[in-house]
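For reference, model.txt (compact mmCIF, N, CA and C atoms):
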```
# COMPACT_ATOMS: atom_id res chain seq x y z
N MET A 1 89.71 106.03 103.32
CA MET A 1 90.40 106.68 102.24
C MET A 1 89.40 106.95 101.13
N ILE A 2 89.47 108.14 100.63
CA ILE A 2 88.65 108.52 99.48
C ILE A 2 89.58 108.65 98.29
N ARG A 3 89.20 108.02 97.19
CA ARG A 3 90.03 108.06 95.99
C ARG A 3 89.25 108.66 94.84
N ASN A 4 89.87 109.59 94.15
CA ASN A 4 89.29 110.20 92.97
C ASN A 4 90.36 110.21 91.89
N GLY A 5 90.32 109.21 91.01
CA GLY A 5 91.38 109.07 90.02
C GLY A 5 92.68 108.72 90.73
N ASP A 6 93.70 109.55 90.55
CA ASP A 6 94.98 109.33 91.22
C ASP A 6 95.09 110.08 92.54
N LEU A 7 94.07 110.86 92.89
CA LEU A 7 94.11 111.64 94.12
C LEU A 7 93.55 110.84 95.29
N LEU A 8 94.16 111.02 96.46
CA LEU A 8 93.74 110.33 97.68
C LEU A 8 93.47 111.33 98.78
N ARG A 9 92.53 110.98 99.65
CA ARG A 9 92.26 111.76 100.85
C ARG A 9 92.07 110.77 101.99
N PHE A 10 92.65 111.08 103.14
CA PHE A 10 92.51 110.23 104.32
C PHE A 10 91.79 111.02 105.41
N THR A 11 91.01 110.31 106.21
CA THR A 11 90.38 110.93 107.37
C THR A 11 91.43 111.07 108.47
N ALA A 12 91.13 111.88 109.45
CA ALA A 12 92.05 112.06 110.58
C ALA A 12 92.30 110.73 111.29
N ASP A 13 91.26 109.91 111.42
CA ASP A 13 91.41 108.60 112.06
C ASP A 13 92.33 107.69 111.25
N GLU A 14 92.19 107.71 109.93
CA GLU A 14 93.05 106.88 109.08
C GLU A 14 94.50 107.34 109.17
N ILE A 15 94.72 108.65 109.19
CA ILE A 15 96.07 109.17 109.32
C ILE A 15 96.68 108.70 110.63
N GLU A 16 95.91 108.73 111.70
CA GLU A 16 96.40 108.28 113.01
C GLU A 16 96.66 106.78 113.02
N GLN A 17 95.82 105.99 112.36
CA GLN A 17 96.05 104.55 112.29
C GLN A 17 97.34 104.24 111.55
N PHE A 18 97.57 104.91 110.43
CA PHE A 18 98.82 104.71 109.70
C PHE A 18 100.01 105.16 110.55
N ARG A 19 99.87 106.30 111.21
CA ARG A 19 100.96 106.82 112.05
C ARG A 19 101.28 105.84 113.16
N SER A 20 100.28 105.20 113.75
CA SER A 20 100.53 104.24 114.84
C SER A 20 101.32 103.03 114.34
N ALA A 21 101.24 102.74 113.05
CA ALA A 21 102.02 101.65 112.46
C ALA A 21 103.37 102.15 111.93
N GLY A 22 103.59 103.47 111.98
CA GLY A 22 104.85 104.03 111.54
C GLY A 22 104.86 104.59 110.14
N VAL A 23 103.69 104.68 109.50
CA VAL A 23 103.61 105.21 108.13
C VAL A 23 103.03 106.62 108.20
N ASP A 24 103.79 107.60 107.68
CA ASP A 24 103.35 109.00 107.69
C ASP A 24 102.60 109.31 106.40
N VAL A 25 101.28 109.46 106.49
CA VAL A 25 100.47 109.76 105.31
C VAL A 25 99.82 111.15 105.41
N ALA A 26 100.32 111.97 106.33
CA ALA A 26 99.72 113.29 106.55
C ALA A 26 99.77 114.15 105.29
N ASN A 27 100.83 114.05 104.51
CA ASN A 27 100.98 114.89 103.31
C ASN A 27 100.78 114.11 102.02
N VAL A 28 100.24 112.91 102.11
CA VAL A 28 100.00 112.08 100.92
C VAL A 28 98.78 112.62 100.18
N ARG A 29 98.95 112.88 98.90
CA ARG A 29 97.84 113.39 98.09
C ARG A 29 97.57 112.54 96.86
N THR A 30 98.53 111.72 96.44
CA THR A 30 98.36 110.89 95.24
C THR A 30 98.74 109.45 95.55
N ILE A 31 98.40 108.57 94.63
CA ILE A 31 98.77 107.16 94.78
C ILE A 31 100.29 107.03 94.82
N GLU A 32 100.99 107.83 94.01
CA GLU A 32 102.45 107.80 94.00
C GLU A 32 103.02 108.23 95.36
N ASP A 33 102.41 109.25 95.97
CA ASP A 33 102.83 109.69 97.31
C ASP A 33 102.64 108.56 98.32
N PHE A 34 101.52 107.86 98.21
CA PHE A 34 101.25 106.76 99.13
C PHE A 34 102.29 105.65 98.95
N GLY A 35 102.59 105.32 97.69
CA GLY A 35 103.60 104.31 97.43
C GLY A 35 104.95 104.70 97.98
N ALA A 36 105.30 105.99 97.86
CA ALA A 36 106.58 106.47 98.39
C ALA A 36 106.60 106.40 99.92
N ALA A 37 105.48 106.72 100.57
CA ALA A 37 105.40 106.65 102.03
C ALA A 37 105.56 105.21 102.51
N VAL A 38 104.92 104.28 101.83
CA VAL A 38 105.05 102.86 102.20
C VAL A 38 106.46 102.37 101.93
N ALA A 39 107.07 102.82 100.84
CA ALA A 39 108.46 102.43 100.53
C ALA A 39 109.42 102.93 101.61
N ARG A 40 109.24 104.17 102.08
CA ARG A 40 110.08 104.70 103.16
C ARG A 40 109.91 103.87 104.42
N TRP A 41 108.65 103.48 104.71
CA TRP A 41 108.36 102.66 105.88
C TRP A 41 109.05 101.31 105.76
N CYS A 42 109.00 100.70 104.57
CA CYS A 42 109.66 99.42 104.36
C CYS A 42 111.17 99.54 104.51
N ASP A 43 111.74 100.63 104.01
CA ASP A 43 113.18 100.85 104.17
C ASP A 43 113.57 100.95 105.64
N LEU A 44 112.76 101.67 106.42
CA LEU A 44 113.03 101.77 107.85
C LEU A 44 112.94 100.42 108.53
N LEU A 45 111.91 99.65 108.18
CA LEU A 45 111.78 98.31 108.76
C LEU A 45 112.96 97.43 108.36
N ARG A 46 113.38 97.51 107.12
CA ARG A 46 114.50 96.70 106.64
C ARG A 46 115.76 97.00 107.45
N GLU A 47 115.97 98.28 107.79
CA GLU A 47 117.15 98.66 108.55
C GLU A 47 117.03 98.33 110.03
N ASP A 48 115.87 98.62 110.63
CA ASP A 48 115.71 98.51 112.08
C ASP A 48 115.06 97.21 112.55
N ARG A 49 114.14 96.68 111.78
CA ARG A 49 113.40 95.48 112.19
C ARG A 49 113.21 94.52 111.02
N PRO A 50 114.29 93.96 110.49
CA PRO A 50 114.14 93.06 109.35
C PRO A 50 113.26 91.84 109.65
N ASP A 51 113.25 91.41 110.91
CA ASP A 51 112.41 90.28 111.29
C ASP A 51 110.92 90.62 111.13
N LEU A 52 110.55 91.84 111.50
CA LEU A 52 109.15 92.27 111.37
C LEU A 52 108.77 92.43 109.90
N LEU A 53 109.68 93.00 109.11
CA LEU A 53 109.41 93.15 107.68
C LEU A 53 109.20 91.78 107.03
N GLU A 54 110.00 90.80 107.43
CA GLU A 54 109.83 89.46 106.87
C GLU A 54 108.48 88.86 107.27
N LYS A 55 108.07 89.06 108.52
CA LYS A 55 106.76 88.56 108.96
C LYS A 55 105.63 89.18 108.13
N ILE A 56 105.73 90.49 107.89
CA ILE A 56 104.71 91.18 107.10
C ILE A 56 104.69 90.64 105.68
N ALA A 57 105.88 90.47 105.09
CA ALA A 57 105.97 89.96 103.72
C ALA A 57 105.39 88.55 103.63
N ARG A 58 105.69 87.71 104.62
CA ARG A 58 105.14 86.34 104.61
C ARG A 58 103.62 86.35 104.76
N ALA A 59 103.10 87.20 105.62
CA ALA A 59 101.64 87.30 105.80
C ALA A 59 100.97 87.76 104.51
N MET A 60 101.59 88.74 103.83
CA MET A 60 101.02 89.21 102.57
C MET A 60 101.08 88.12 101.51
N ALA A 61 102.18 87.39 101.46
CA ALA A 61 102.30 86.30 100.49
C ALA A 61 101.28 85.21 100.77
N ASP A 62 101.12 84.85 102.05
CA ASP A 62 100.13 83.83 102.42
C ASP A 62 98.72 84.28 102.04
N ALA A 63 98.41 85.55 102.25
CA ALA A 63 97.08 86.07 101.93
C ALA A 63 96.80 85.98 100.43
N ARG A 64 97.84 86.10 99.63
CA ARG A 64 97.67 86.03 98.17
C ARG A 64 97.92 84.63 97.63
N GLY A 65 98.34 83.72 98.49
CA GLY A 65 98.58 82.34 98.06
C GLY A 65 99.83 82.17 97.22
N VAL A 66 100.85 82.99 97.47
CA VAL A 66 102.11 82.87 96.74
C VAL A 66 103.24 82.55 97.72
N LYS A 67 104.34 82.03 97.18
CA LYS A 67 105.50 81.73 98.00
C LYS A 67 106.55 82.82 97.82
N LEU A 68 107.20 83.17 98.91
CA LEU A 68 108.31 84.10 98.84
C LEU A 68 109.54 83.37 98.33
N PRO A 69 110.42 84.08 97.63
CA PRO A 69 111.67 83.44 97.21
C PRO A 69 112.53 83.17 98.44
N PRO A 70 113.46 82.21 98.33
CA PRO A 70 114.33 81.94 99.48
C PRO A 70 115.24 83.14 99.76
N LYS A 71 115.73 83.22 100.99
CA LYS A 71 116.65 84.29 101.34
C LYS A 71 117.96 84.09 100.57
N LEU A 72 118.59 85.20 100.25
CA LEU A 72 119.89 85.13 99.59
C LEU A 72 120.98 84.89 100.63
N THR A 73 121.94 84.07 100.29
CA THR A 73 123.06 83.82 101.16
C THR A 73 124.33 84.21 100.42
N VAL A 74 125.18 84.97 101.09
CA VAL A 74 126.42 85.44 100.49
C VAL A 74 127.58 84.80 101.22
N TYR A 75 128.52 84.27 100.47
CA TYR A 75 129.73 83.70 101.05
C TYR A 75 130.85 84.71 100.87
N ASP A 76 131.43 85.16 101.98
CA ASP A 76 132.48 86.16 101.94
C ASP A 76 133.72 85.60 102.62
N HIS A 77 134.71 85.23 101.84
CA HIS A 77 135.97 84.71 102.35
C HIS A 77 135.76 83.54 103.30
N GLY A 78 134.85 82.67 102.96
CA GLY A 78 134.60 81.49 103.77
C GLY A 78 133.68 81.71 104.94
N THR A 79 133.23 82.95 105.15
CA THR A 79 132.29 83.26 106.24
C THR A 79 130.91 83.36 105.65
N LYS A 80 130.00 82.50 106.08
CA LYS A 80 128.64 82.50 105.56
C LYS A 80 127.83 83.57 106.27
N GLU A 81 127.27 84.51 105.48
CA GLU A 81 126.43 85.56 106.03
C GLU A 81 125.09 85.53 105.31
N SER A 82 124.03 85.80 106.06
CA SER A 82 122.70 85.88 105.46
C SER A 82 122.41 87.33 105.13
N ARG A 83 121.93 87.57 103.92
CA ARG A 83 121.60 88.95 103.49
C ARG A 83 120.12 89.02 103.21
N SER A 84 119.46 90.05 103.79
CA SER A 84 118.01 90.22 103.56
C SER A 84 117.77 91.13 102.42
```
Let me see the structure of the file written as structure tokens.
Amino acid sequence: MIRNGDLLRFTADEIEQFRSAGVDVANVRTIEDFGAAVARWCDLLREDRPDLLEKIARAMADARGVKLPPKLTVYDHGTKESRS
């Protein structure tokens, strides 16, 4: 990735690497665009693979030496449900 101020450029190999992980950066031109692409990817993971998103979040937290907050639990009419 080449960065010039807020502008970003990716090589074809970098675009393919992101695509293989499910992140579309083909039209990303700014840091804000990149953040939006990662946010869309996280939303997709949250819907389709919440277990994988949690693993990624835990790995990132471990790498930074921080703890993730506990999962939220919602009680609905006496039925305990876990909400991510």
Coordinates-based distance that separates CA of Arg9 (chain A) from CA of Asp48 (chain A) (Å, one decimal):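 Between CA of Asp48 (chain A) and CA of Arg9 (chain A) the gap is 29.2 Å.
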Selection near Asp43 (chain A), 12 Å with only C-alpha atoms, sequence-local residues under 4 positions removed, as a PyMOL selection string: chain A and resi 22-23+36-39+47-50+52-53+84
Members of chain A assigned strand (DSSP E or B) by DSSP, as number ranges by chain: A: 2-4, 7-9, 30, 72-76, 79-83
One-decimal distance in Å that lies between atom N of Phe18 (chain A) and atom C of Gly65 (chain A): 26.4 Å
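Our summary of the geometry notes that CA of Arg40 (chain A) is positioned 17.5 Å from CA of Lys55 (chain A).
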Surrounding residues of Glu14 (chain A) excluding itself and chain neighbours under 5 positions, 8 Å, only N, CA and C atoms, as JSON, numbers by chain: {"A": [1, 19, 20, 25, 26]}
Sel. of helix (DSSP H, G or I) residues, chain A, as JSON, numbers by chain: {"A": [12, 13, 14, 15, 16, 17, 18, 19, 20, 21, 31, 32, 33, 34, 35, 36, 37, 38, 39, 40, 41, 42, 43, 44, 45, 46, 47, 48, 50, 51, 52, 53, 54, 55, 56, 57, 58, 59, 60, 61, 62, 63, 64]}
Surrounding residues of Thr30 (chain A) excluding itself and chain neighbours under 3 positions, 5 Å, all atoms listed in the file, as a list of chain:residue names: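 Neighbouring residues, sequence-local ones excluded: A:Asp6, A:Leu7, A:Leu8, A:Asp33, A:Phe34.
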Requested write-out: N, CA and C atoms of the selected residues, as a short mmCIF file (atom, residue, chain, number, x, y, z; two decimals), in the coordinates of the input:
```
data_model
loop_
_atom_site.label_atom_id
_atom_site.label_comp_id
_atom_site.auth_asym_id
_atom_site.auth_seq_id
_atom_site.Cartn_x
_atom_site.Cartn_y
_atom_site.Cartn_z
N ASP A 6 93.70 109.55 90.55
CA ASP A 6 94.98 109.33 91.22
C ASP A 6 95.09 110.08 92.54
N LEU A 7 94.07 110.86 92.89
CA LEU A 7 94.11 111.64 94.12
C LEU A 7 93.55 110.84 95.29
N LEU A 8 94.16 111.02 96.46
CA LEU A 8 93.74 110.33 97.68
C LEU A 8 93.47 111.33 98.78
N ASP A 33 102.41 109.25 95.97
CA ASP A 33 102.83 109.69 97.31
C ASP A 33 102.64 108.56 98.32
N PHE A 34 101.52 107.86 98.21
CA PHE A 34 101.25 106.76 99.13
C PHE A 34 102.29 105.65 98.95
#
```
Nearest to Ile15 (chain A) by atom-to-atom distance, counting only C-alpha atoms, from A:Leu44, A:Ile56, A:Val28, A:Val66: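 Of A:Leu44, A:Ile56, A:Val28, A:Val66, the one nearest Ile15 (chain A), counting only C-alpha atoms, is A:Val28.
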Find the axis-aligned box for region 44-55 of chain A, covering all its listed atoms and adding 8 Å on each side, and write its centre and edge lengths in Å to one decimal as JSON.
```
{"center_x": 111.4, "center_y": 95.2, "center_z": 109.5, "size_x": 27.5, "size_y": 29.2, "size_z": 22.1}
```
